[in-house]
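These notes are about the structure you will find just below.
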Amino acid sequence: MKYAVAALAAASATVLTAPTASAQPAKPRSHLDGRVCLFDAPKAPVHLGHIGWAYRWSQDHGQWDYGATVDPHHGWRKHGSFQQMVKDFRNSHDAEGYFSYRCKDTLAADQRDANGVVNRINGKDYNLMVNNCLTKSIQIIKAYDESGGLNGLPDGHWTAPNFYYTETLDRAGWERLVHLH
């Protein structure tokens with residue numbers, strides 16, 4: 001019995017070695033690095049809704065890029081704190097005003113890719129059914145989440161922004177909406 005216990009102890013022992021100087025520790029994924037939000041202006045056009053977008057620069061940075069594509073010729077973008085972002089959307093007159101927002105944490109935060117998408121698409125090539133405020137917002141937040149966690153979101157084509165904002169985001173596990181007023 002004494003030998004069986006010693007053999008079991010030897011078999012379960014872990015050998016610890018010091019890491020080499022060139023070893024890079026893997027970035028832990030036990031926490032979520034990114035965060036995105038969508039803002040809803042439910043009254044326009046014709047109560048179908050209008051969507052604005054936002055993404056956080058990094059968990060520690062506390063700064064956000066945010067904006068919206070308002071129509072075929074106009075898109076806007078700003079940078080600021082979370083409080084400034086909420087204030088800007090609350091005070092915006094886009095599409096008769098934003099009323100609420102919803103957010104979701106992401107495993108990754110690639111503001112460089114998201115910036116590239118914003119620069120390429122915001123306020124350009126607008127089509128009410130397949131290339132609008134909603135579809136552009138979805139493209140931006142998907143580019144931001146390099147982990148692919150948001151890739152399961154539908155592209156928003158042929159979907160009313162209000163329906164997407166309530167029903168689709170509910171099914172995708174987004175946080176409950178927060179009223180701006």
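Identifiers in this document derive from the order of the structure tokens: chains are assigned A, B, ..., residues are numbered from 1 separately in each chain, and ligands are numbered from 1 in order of occurrence.
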
Each range 100-129 of chain A residue no farther than 12 Å from range 36-44 of chain A, nearest pair in Å, only C-alpha atoms, as a Markdown table:
| residue | atom | partner | partner_atom | distance |
| --- | --- | --- | --- | --- |
| A:Ser100 | CA | A:Asp40 | CA | 5.6 |
| A:Tyr101 | CA | A:Phe39 | CA | 4.2 |
| A:Arg102 | CA | A:Cys37 | CA | 5.4 |
| A:Cys103 | CA | A:Cys37 | CA | 4.0 |
| A:Lys104 | CA | A:Val36 | CA | 5.5 |
| A:Asp105 | CA | A:Val36 | CA | 6.5 |
| A:Thr106 | CA | A:Val36 | CA | 7.5 |
| A:Leu107 | CA | A:Val36 | CA | 10.9 |
| A:Ala108 | CA | A:Val36 | CA | 10.5 |
| A:Ala109 | CA | A:Val36 | CA | 9.1 |
| A:Asp110 | CA | A:Val36 | CA | 11.2 |
| A:Gln111 | CA | A:Val36 | CA | 10.8 |
| A:Ala114 | CA | A:Val36 | CA | 10.9 |

- Query: So which residues touch Ser137 in chain A within 9 Å, counting only C-alpha atoms, skipping near sequence neighbours fewer than 4 positions away, as a list of chain:residue names?
  - Reply: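 After dropping sequence-adjacent residues, the list is A:Leu38, A:Ile51, A:Gly52, A:Trp53, A:Ala54, A:Gly67, A:Ala68, A:Thr69, A:Val118, A:Asn122, A:Asn132, A:Cys133, A:Ile141, A:Lys142.
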
Keeping only all heavy atoms, write those residues as a compact mmCIF listing (two decimals), in the first residue's frame.
# COMPACT_ATOMS: atom_id res chain seq x y z
N LEU A 38 -25.51 50.58 -29.27
CA LEU A 38 -26.35 51.11 -30.34
C LEU A 38 -27.38 52.02 -29.69
O LEU A 38 -27.91 51.73 -28.61
CB LEU A 38 -27.04 49.99 -31.12
CG LEU A 38 -26.12 49.08 -31.92
CD1 LEU A 38 -26.91 47.95 -32.57
CD2 LEU A 38 -25.35 49.85 -32.97
N ILE A 51 -30.74 54.30 -36.10
CA ILE A 51 -29.75 53.74 -35.18
C ILE A 51 -28.44 54.53 -35.26
O ILE A 51 -27.97 54.86 -36.35
CB ILE A 51 -29.46 52.26 -35.53
CG1 ILE A 51 -30.72 51.41 -35.38
CG2 ILE A 51 -28.32 51.71 -34.69
CD1 ILE A 51 -31.22 51.26 -33.96
N GLY A 52 -27.85 54.80 -34.11
CA GLY A 52 -26.50 55.35 -34.00
C GLY A 52 -25.61 54.29 -33.36
O GLY A 52 -26.09 53.36 -32.72
N TRP A 53 -24.30 54.43 -33.51
CA TRP A 53 -23.34 53.43 -33.08
C TRP A 53 -22.32 54.02 -32.11
O TRP A 53 -22.11 55.23 -32.09
CB TRP A 53 -22.60 52.84 -34.29
CG TRP A 53 -21.99 53.91 -35.16
CD1 TRP A 53 -22.56 54.50 -36.25
CD2 TRP A 53 -20.72 54.56 -34.98
NE1 TRP A 53 -21.73 55.46 -36.77
CE2 TRP A 53 -20.58 55.51 -36.01
CE3 TRP A 53 -19.69 54.42 -34.06
CZ2 TRP A 53 -19.46 56.33 -36.14
CZ3 TRP A 53 -18.57 55.24 -34.18
CH2 TRP A 53 -18.47 56.17 -35.23
N ALA A 54 -21.65 53.14 -31.34
CA ALA A 54 -20.58 53.57 -30.44
C ALA A 54 -19.70 52.38 -30.11
O ALA A 54 -20.17 51.25 -30.02
CB ALA A 54 -21.16 54.15 -29.16
N GLY A 67 -21.31 57.87 -33.33
CA GLY A 67 -21.90 58.68 -34.38
C GLY A 67 -23.06 57.97 -35.04
O GLY A 67 -23.61 57.00 -34.52
N ALA A 68 -23.39 58.47 -36.24
CA ALA A 68 -24.52 57.91 -36.98
C ALA A 68 -24.45 58.34 -38.44
O ALA A 68 -23.85 59.36 -38.77
CB ALA A 68 -25.84 58.39 -36.38
N THR A 69 -25.07 57.54 -39.27
CA THR A 69 -25.34 57.92 -40.65
C THR A 69 -26.78 58.39 -40.65
O THR A 69 -27.69 57.60 -40.38
CB THR A 69 -25.16 56.73 -41.60
OG1 THR A 69 -23.80 56.31 -41.53
CG2 THR A 69 -25.49 57.12 -43.02
N VAL A 118 -15.70 53.17 -40.45
CA VAL A 118 -16.40 54.46 -40.31
C VAL A 118 -15.96 55.41 -41.42
O VAL A 118 -16.79 56.02 -42.09
CB VAL A 118 -16.14 55.10 -38.93
CG1 VAL A 118 -16.69 56.52 -38.88
CG2 VAL A 118 -16.74 54.26 -37.82
N ASN A 122 -19.39 55.87 -43.61
CA ASN A 122 -20.30 56.80 -42.94
C ASN A 122 -20.71 57.95 -43.86
O ASN A 122 -19.86 58.68 -44.34
CB ASN A 122 -19.67 57.33 -41.66
CG ASN A 122 -20.70 57.78 -40.66
OD1 ASN A 122 -21.84 57.37 -40.70
ND2 ASN A 122 -20.29 58.63 -39.74
N ASN A 132 -28.06 51.39 -44.86
CA ASN A 132 -28.64 52.53 -44.14
C ASN A 132 -27.99 52.69 -42.76
O ASN A 132 -26.96 52.08 -42.49
CB ASN A 132 -30.15 52.30 -44.01
CG ASN A 132 -30.48 50.94 -43.41
OD1 ASN A 132 -29.83 50.50 -42.46
ND2 ASN A 132 -31.46 50.25 -43.96
N CYS A 133 -28.60 53.46 -41.91
CA CYS A 133 -28.06 53.71 -40.58
C CYS A 133 -27.82 52.42 -39.80
O CYS A 133 -26.81 52.27 -39.12
CB CYS A 133 -28.97 54.64 -39.80
SG CYS A 133 -30.64 53.96 -39.51
N ILE A 141 -19.60 47.96 -35.75
CA ILE A 141 -19.36 47.22 -34.50
C ILE A 141 -18.78 45.84 -34.77
O ILE A 141 -18.01 45.33 -33.95
CB ILE A 141 -20.60 47.17 -33.58
CG1 ILE A 141 -21.75 46.39 -34.22
CG2 ILE A 141 -21.02 48.58 -33.18
CD1 ILE A 141 -22.93 46.15 -33.29
N LYS A 142 -19.11 45.23 -35.90
CA LYS A 142 -18.51 43.93 -36.24
C LYS A 142 -17.01 44.10 -36.54
O LYS A 142 -16.21 43.24 -36.18
CB LYS A 142 -19.22 43.29 -37.42
CG LYS A 142 -20.53 42.63 -37.04
CD LYS A 142 -21.13 41.92 -38.24
CE LYS A 142 -22.37 41.16 -37.89
NZ LYS A 142 -22.87 40.38 -39.04

So that I can see what lies close to range 74-91 of chain A, please list as a PDB file with all heavy atoms, in the first residue's frame the residues with an atom at most 8 Å from it, counting only C-alpha atoms and leaving out residues fewer than 2 positions away in the same chain.
ATOM      1  N   PHE A  39     -27.661  53.136 -30.352  1.00  0.00           N
ATOM      2  CA  PHE A  39     -28.616  54.142 -29.870  1.00  0.00           C
ATOM      3  C   PHE A  39     -29.809  54.159 -30.813  1.00  0.00           C
ATOM      4  O   PHE A  39     -29.642  54.077 -32.032  1.00  0.00           O
ATOM      5  CB  PHE A  39     -27.956  55.524 -29.834  1.00  0.00           C
ATOM      6  CG  PHE A  39     -26.950  55.668 -28.723  1.00  0.00           C
ATOM      7  CD1 PHE A  39     -25.689  55.107 -28.831  1.00  0.00           C
ATOM      8  CD2 PHE A  39     -27.276  56.352 -27.561  1.00  0.00           C
ATOM      9  CE1 PHE A  39     -24.758  55.220 -27.811  1.00  0.00           C
ATOM     10  CE2 PHE A  39     -26.355  56.472 -26.532  1.00  0.00           C
ATOM     11  CZ  PHE A  39     -25.090  55.910 -26.655  1.00  0.00           C
ATOM     12  N   GLY A  62     -11.383  54.503 -21.352  1.00  0.00           N
ATOM     13  CA  GLY A  62     -12.610  55.210 -21.012  1.00  0.00           C
ATOM     14  C   GLY A  62     -13.117  56.169 -22.076  1.00  0.00           C
ATOM     15  O   GLY A  62     -14.034  56.944 -21.828  1.00  0.00           O
ATOM     16  N   GLN A  63     -12.545  56.142 -23.260  1.00  0.00           N
ATOM     17  CA  GLN A  63     -12.973  57.027 -24.344  1.00  0.00           C
ATOM     18  C   GLN A  63     -13.743  56.230 -25.395  1.00  0.00           C
ATOM     19  O   GLN A  63     -13.500  55.044 -25.583  1.00  0.00           O
ATOM     20  CB  GLN A  63     -11.765  57.704 -24.992  1.00  0.00           C
ATOM     21  CG  GLN A  63     -11.048  58.660 -24.063  1.00  0.00           C
ATOM     22  CD  GLN A  63     -11.892  59.874 -23.733  1.00  0.00           C
ATOM     23  OE1 GLN A  63     -12.296  60.621 -24.612  1.00  0.00           O
ATOM     24  NE2 GLN A  63     -12.182  60.064 -22.453  1.00  0.00           N
ATOM     25  N   TRP A  64     -14.642  56.901 -26.065  1.00  0.00           N
ATOM     26  CA  TRP A  64     -15.521  56.275 -27.047  1.00  0.00           C
ATOM     27  C   TRP A  64     -15.469  57.026 -28.368  1.00  0.00           C
ATOM     28  O   TRP A  64     -15.303  58.239 -28.390  1.00  0.00           O
ATOM     29  CB  TRP A  64     -16.955  56.300 -26.542  1.00  0.00           C
ATOM     30  CG  TRP A  64     -17.218  55.412 -25.365  1.00  0.00           C
ATOM     31  CD1 TRP A  64     -16.814  55.615 -24.076  1.00  0.00           C
ATOM     32  CD2 TRP A  64     -17.933  54.186 -25.381  1.00  0.00           C
ATOM     33  NE1 TRP A  64     -17.242  54.583 -23.285  1.00  0.00           N
ATOM     34  CE2 TRP A  64     -17.938  53.700 -24.065  1.00  0.00           C
ATOM     35  CE3 TRP A  64     -18.586  53.472 -26.376  1.00  0.00           C
ATOM     36  CZ2 TRP A  64     -18.572  52.509 -23.717  1.00  0.00           C
ATOM     37  CZ3 TRP A  64     -19.213  52.289 -26.024  1.00  0.00           C
ATOM     38  CH2 TRP A  64     -19.196  51.820 -24.711  1.00  0.00           C
ATOM     39  N   ASP A  65     -15.665  56.302 -29.468  1.00  0.00           N
ATOM     40  CA  ASP A  65     -15.992  56.877 -30.766  1.00  0.00           C
ATOM     41  C   ASP A  65     -17.451  56.554 -30.988  1.00  0.00           C
ATOM     42  O   ASP A  65     -17.899  55.437 -30.685  1.00  0.00           O
ATOM     43  CB  ASP A  65     -15.145  56.262 -31.889  1.00  0.00           C
ATOM     44  CG  ASP A  65     -13.823  56.970 -32.083  1.00  0.00           C
ATOM     45  OD1 ASP A  65     -13.527  57.904 -31.316  1.00  0.00           O
ATOM     46  OD2 ASP A  65     -13.081  56.591 -32.995  1.00  0.00           O
ATOM     47  N   TYR A  66     -18.202  57.515 -31.520  1.00  0.00           N
ATOM     48  CA  TYR A  66     -19.635  57.309 -31.698  1.00  0.00           C
ATOM     49  C   TYR A  66     -20.157  58.235 -32.783  1.00  0.00           C
ATOM     50  O   TYR A  66     -19.521  59.224 -33.135  1.00  0.00           O
ATOM     51  CB  TYR A  66     -20.383  57.544 -30.383  1.00  0.00           C
ATOM     52  CG  TYR A  66     -20.090  58.874 -29.716  1.00  0.00           C
ATOM     53  CD1 TYR A  66     -20.921  59.975 -29.911  1.00  0.00           C
ATOM     54  CD2 TYR A  66     -18.992  59.027 -28.877  1.00  0.00           C
ATOM     55  CE1 TYR A  66     -20.659  61.190 -29.285  1.00  0.00           C
ATOM     56  CE2 TYR A  66     -18.723  60.225 -28.249  1.00  0.00           C
ATOM     57  CZ  TYR A  66     -19.561  61.304 -28.453  1.00  0.00           C
ATOM     58  OH  TYR A  66     -19.298  62.503 -27.840  1.00  0.00           O
ATOM     59  N   GLY A  67     -21.307  57.866 -33.329  1.00  0.00           N
ATOM     60  CA  GLY A  67     -21.900  58.678 -34.376  1.00  0.00           C
ATOM     61  C   GLY A  67     -23.059  57.975 -35.045  1.00  0.00           C
ATOM     62  O   GLY A  67     -23.608  57.002 -34.522  1.00  0.00           O
ATOM     63  N   ALA A  68     -23.387  58.471 -36.241  1.00  0.00           N
ATOM     64  CA  ALA A  68     -24.523  57.909 -36.979  1.00  0.00           C
ATOM     65  C   ALA A  68     -24.450  58.336 -38.437  1.00  0.00           C
ATOM     66  O   ALA A  68     -23.848  59.355 -38.766  1.00  0.00           O
ATOM     67  CB  ALA A  68     -25.839  58.393 -36.376  1.00  0.00           C
ATOM     68  N   THR A  69     -25.070  57.538 -39.265  1.00  0.00           N
ATOM     69  CA  THR A  69     -25.342  57.922 -40.647  1.00  0.00           C
ATOM     70  C   THR A  69     -26.784  58.387 -40.652  1.00  0.00           C
ATOM     71  O   THR A  69     -27.693  57.603 -40.379  1.00  0.00           O
ATOM     72  CB  THR A  69     -25.157  56.730 -41.602  1.00  0.00           C
ATOM     73  OG1 THR A  69     -23.801  56.314 -41.531  1.00  0.00           O
ATOM     74  CG2 THR A  69     -25.494  57.118 -43.021  1.00  0.00           C
ATOM     75  N   VAL A  70     -26.996  59.656 -40.935  1.00  0.00           N
ATOM     76  CA  VAL A  70     -28.323  60.228 -40.805  1.00  0.00           C
ATOM     77  C   VAL A  70     -29.128  60.101 -42.089  1.00  0.00           C
ATOM     78  O   VAL A  70     -30.313  59.820 -42.070  1.00  0.00           O
ATOM     79  CB  VAL A  70     -28.226  61.712 -40.367  1.00  0.00           C
ATOM     80  CG1 VAL A  70     -29.598  62.322 -40.207  1.00  0.00           C
ATOM     81  CG2 VAL A  70     -27.437  61.804 -39.064  1.00  0.00           C
ATOM     82  N   ASP A  71     -28.490  60.311 -43.207  1.00  0.00           N
ATOM     83  CA  ASP A  71     -29.162  60.223 -44.500  1.00  0.00           C
ATOM     84  C   ASP A  71     -28.107  60.003 -45.574  1.00  0.00           C
ATOM     85  O   ASP A  71     -26.924  59.866 -45.255  1.00  0.00           O
ATOM     86  CB  ASP A  71     -30.006  61.473 -44.761  1.00  0.00           C
ATOM     87  CG  ASP A  71     -29.206  62.753 -44.783  1.00  0.00           C
ATOM     88  OD1 ASP A  71     -28.077  62.767 -45.326  1.00  0.00           O
ATOM     89  OD2 ASP A  71     -29.702  63.766 -44.272  1.00  0.00           O
ATOM     90  N   PRO A  72     -28.508  59.983 -46.845  1.00  0.00           N
ATOM     91  CA  PRO A  72     -27.528  59.693 -47.897  1.00  0.00           C
ATOM     92  C   PRO A  72     -26.332  60.647 -47.944  1.00  0.00           C
ATOM     93  O   PRO A  72     -25.287  60.296 -48.462  1.00  0.00           O
ATOM     94  CB  PRO A  72     -28.343  59.801 -49.176  1.00  0.00           C
ATOM     95  CG  PRO A  72     -29.743  59.562 -48.766  1.00  0.00           C
ATOM     96  CD  PRO A  72     -29.858  60.089 -47.365  1.00  0.00           C
ATOM     97  N   HIS A  93     -30.709  65.996 -32.477  1.00  0.00           N
ATOM     98  CA  HIS A  93     -32.010  66.136 -33.125  1.00  0.00           C
ATOM     99  C   HIS A  93     -32.124  65.219 -34.336  1.00  0.00           C
ATOM    100  O   HIS A  93     -33.097  65.310 -35.087  1.00  0.00           O
ATOM    101  CB  HIS A  93     -32.244  67.590 -33.528  1.00  0.00           C
ATOM    102  CG  HIS A  93     -32.283  68.516 -32.347  1.00  0.00           C
ATOM    103  ND1 HIS A  93     -33.287  68.481 -31.409  1.00  0.00           N
ATOM    104  CD2 HIS A  93     -31.411  69.455 -31.935  1.00  0.00           C
ATOM    105  CE1 HIS A  93     -33.045  69.389 -30.480  1.00  0.00           C
ATOM    106  NE2 HIS A  93     -31.908  69.991 -30.770  1.00  0.00           N
ATOM    107  N   GLY A  97     -34.735  62.601 -32.575  1.00  0.00           N
ATOM    108  CA  GLY A  97     -34.128  62.372 -31.269  1.00  0.00           C
ATOM    109  C   GLY A  97     -33.960  60.918 -30.864  1.00  0.00           C
ATOM    110  O   GLY A  97     -34.806  60.083 -31.152  1.00  0.00           O
ATOM    111  N   TYR A  98     -32.833  60.658 -30.206  1.00  0.00           N
ATOM    112  CA  TYR A  98     -32.548  59.324 -29.670  1.00  0.00           C
ATOM    113  C   TYR A  98     -33.216  59.194 -28.308  1.00  0.00           C
ATOM    114  O   TYR A  98     -33.197  60.122 -27.507  1.00  0.00           O
ATOM    115  CB  TYR A  98     -31.041  59.118 -29.528  1.00  0.00           C
ATOM    116  CG  TYR A  98     -30.330  59.124 -30.854  1.00  0.00           C
ATOM    117  CD1 TYR A  98     -29.781  60.294 -31.369  1.00  0.00           C
ATOM    118  CD2 TYR A  98     -30.214  57.955 -31.602  1.00  0.00           C
ATOM    119  CE1 TYR A  98     -29.128  60.299 -32.588  1.00  0.00           C
ATOM    120  CE2 TYR A  98     -29.570  57.963 -32.829  1.00  0.00           C
ATOM    121  CZ  TYR A  98     -29.030  59.136 -33.314  1.00  0.00           C
ATOM    122  OH  TYR A  98     -28.394  59.141 -34.526  1.00  0.00           O
ATOM    123  N   PHE A  99     -33.792  58.024 -28.037  1.00  0.00           N
ATOM    124  CA  PHE A  99     -34.522  57.814 -26.796  1.00  0.00           C
ATOM    125  C   PHE A  99     -33.834  56.828 -25.855  1.00  0.00           C
ATOM    126  O   PHE A  99     -34.085  56.844 -24.663  1.00  0.00           O
ATOM    127  CB  PHE A  99     -35.938  57.308 -27.094  1.00  0.00           C
ATOM    128  CG  PHE A  99     -36.875  58.385 -27.526  1.00  0.00           C
ATOM    129  CD1 PHE A  99     -36.653  59.102 -28.691  1.00  0.00           C
ATOM    130  CD2 PHE A  99     -37.992  58.693 -26.771  1.00  0.00           C
ATOM    131  CE1 PHE A  99     -37.509  60.097 -29.088  1.00  0.00           C
ATOM    132  CE2 PHE A  99     -38.865  59.698 -27.172  1.00  0.00           C
ATOM    133  CZ  PHE A  99     -38.618  60.404 -28.334  1.00  0.00           C
ATOM    134  N   ASN A 122     -19.391  55.869 -43.607  1.00  0.00           N
ATOM    135  CA  ASN A 122     -20.305  56.797 -42.938  1.00  0.00           C
ATOM    136  C   ASN A 122     -20.705  57.946 -43.858  1.00  0.00           C
ATOM    137  O   ASN A 122     -19.861  58.683 -44.340  1.00  0.00           O
ATOM    138  CB  ASN A 122     -19.667  57.329 -41.656  1.00  0.00           C
ATOM    139  CG  ASN A 122     -20.695  57.783 -40.658  1.00  0.00           C
ATOM    140  OD1 ASN A 122     -21.841  57.365 -40.699  1.00  0.00           O
ATOM    141  ND2 ASN A 122     -20.285  58.631 -39.739  1.00  0.00           N
ATOM    142  N   GLY A 123     -22.007  58.086 -44.102  1.00  0.00           N
ATOM    143  CA  GLY A 123     -22.525  59.171 -44.926  1.00  0.00           C
ATOM    144  C   GLY A 123     -22.347  58.965 -46.417  1.00  0.00           C
ATOM    145  O   GLY A 123     -22.503  59.893 -47.195  1.00  0.00           O
ATOM    146  N   LYS A 124     -22.057  57.741 -46.846  1.00  0.00           N
ATOM    147  CA  LYS A 124     -21.844  57.463 -48.271  1.00  0.00           C
ATOM    148  C   LYS A 124     -22.713  56.301 -48.709  1.00  0.00           C
ATOM    149  O   LYS A 124     -23.087  55.449 -47.905  1.00  0.00           O
ATOM    150  CB  LYS A 124     -20.375  57.119 -48.528  1.00  0.00           C
ATOM    151  CG  LYS A 124     -19.428  58.235 -48.165  1.00  0.00           C
ATOM    152  CD  LYS A 124     -17.989  57.787 -48.335  1.00  0.00           C
ATOM    153  CE  LYS A 124     -17.069  58.893 -47.871  1.00  0.00           C
ATOM    154  NZ  LYS A 124     -15.911  58.411 -47.191  1.00  0.00           N
ATOM    155  N   LEU A 180     -32.654  57.524 -22.328  1.00  0.00           N
ATOM    156  CA  LEU A 180     -31.821  58.729 -22.288  1.00  0.00           C
ATOM    157  C   LEU A 180     -32.521  59.893 -21.602  1.00  0.00           C
ATOM    158  O   LEU A 180     -31.877  60.819 -21.147  1.00  0.00           O
ATOM    159  CB  LEU A 180     -31.434  59.152 -23.703  1.00  0.00           C
ATOM    160  CG  LEU A 180     -30.461  58.214 -24.416  1.00  0.00           C
ATOM    161  CD1 LEU A 180     -30.313  58.623 -25.875  1.00  0.00           C
ATOM    162  CD2 LEU A 180     -29.111  58.235 -23.723  1.00  0.00           C
ATOM    163  N   HIS A 181     -33.846  59.876 -21.538  1.00  0.00           N
ATOM    164  CA  HIS A 181     -34.593  61.013 -20.976  1.00  0.00           C
ATOM    165  C   HIS A 181     -35.306  60.612 -19.721  1.00  0.00           C
ATOM    166  O   HIS A 181     -35.642  59.532 -19.469  1.00  0.00           O
ATOM    167  CB  HIS A 181     -35.604  61.542 -21.994  1.00  0.00           C
ATOM    168  CG  HIS A 181     -34.951  61.953 -23.281  1.00  0.00           C
ATOM    169  ND1 HIS A 181     -34.302  63.151 -23.436  1.00  0.00           N
ATOM    170  CD2 HIS A 181     -34.831  61.304 -24.463  1.00  0.00           C
ATOM    171  CE1 HIS A 181     -33.826  63.225 -24.665  1.00  0.00           C
ATOM    172  NE2 HIS A 181     -34.129  62.115 -25.308  1.00  0.00           N
TER     173      HIS A 181
END

- Task: Once DSSP has gone over the backbone, tell me which residues of range 77-165 of chain A are in strand (DSSP E), as a list in words.
- Result: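 Checking each residue of range 77-165 of chain A, the strand (DSSP E) ones are Arg77, Lys78, His79, Gly80, Ser81, Ser100, Tyr101, Arg102, Cys103, Lys104, Asp105 and Thr106 of chain A.
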
- Message: Please compute the CA of Arg120 in chain A-CA of Lys136 in chain A distance, one decimal, in Å.
- Response: 10.2 Å

- Message: From the options A:Phe163, A:Trp158, A:Tyr55, A:Trp174, which residue's atoms come nearest to Asn127 in chain A, counting only C-alpha atoms?
- Response: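 Between A:Phe163, A:Trp158, A:Tyr55, A:Trp174, the residue approaching Asn127 in chain A most closely is A:Trp158.
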
- When distances are computed from only C-alpha atoms, which of A:Val130, A:Ile121, A:Leu32, A:Ala172 shows the smallest separation from Thr159 in chain A?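 Ranked by minimum distance to Thr159 in chain A, first place goes to A:Val130.
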
- For CA of Ala95 in chain A and CA of His179 in chain A, determine how far apart the two atoms are, in Å to one decimal place.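 About the pair CA of Ala95 in chain A and CA of His179 in chain A: they are 16.4 Å apart.
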
- Smallest atom-to-atom distance to Asp145 in chain A: which of A:Glu175, A:Asp60, A:Asp33, A:Glu167, using only C-alpha atoms?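 Of all the options, A:Asp33 lies closest to Asp145 in chain A.
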
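For the pair CA of Pro45 in chain A and CA of Glu96 in chain A, the interatomic distance is 8.7 Å.
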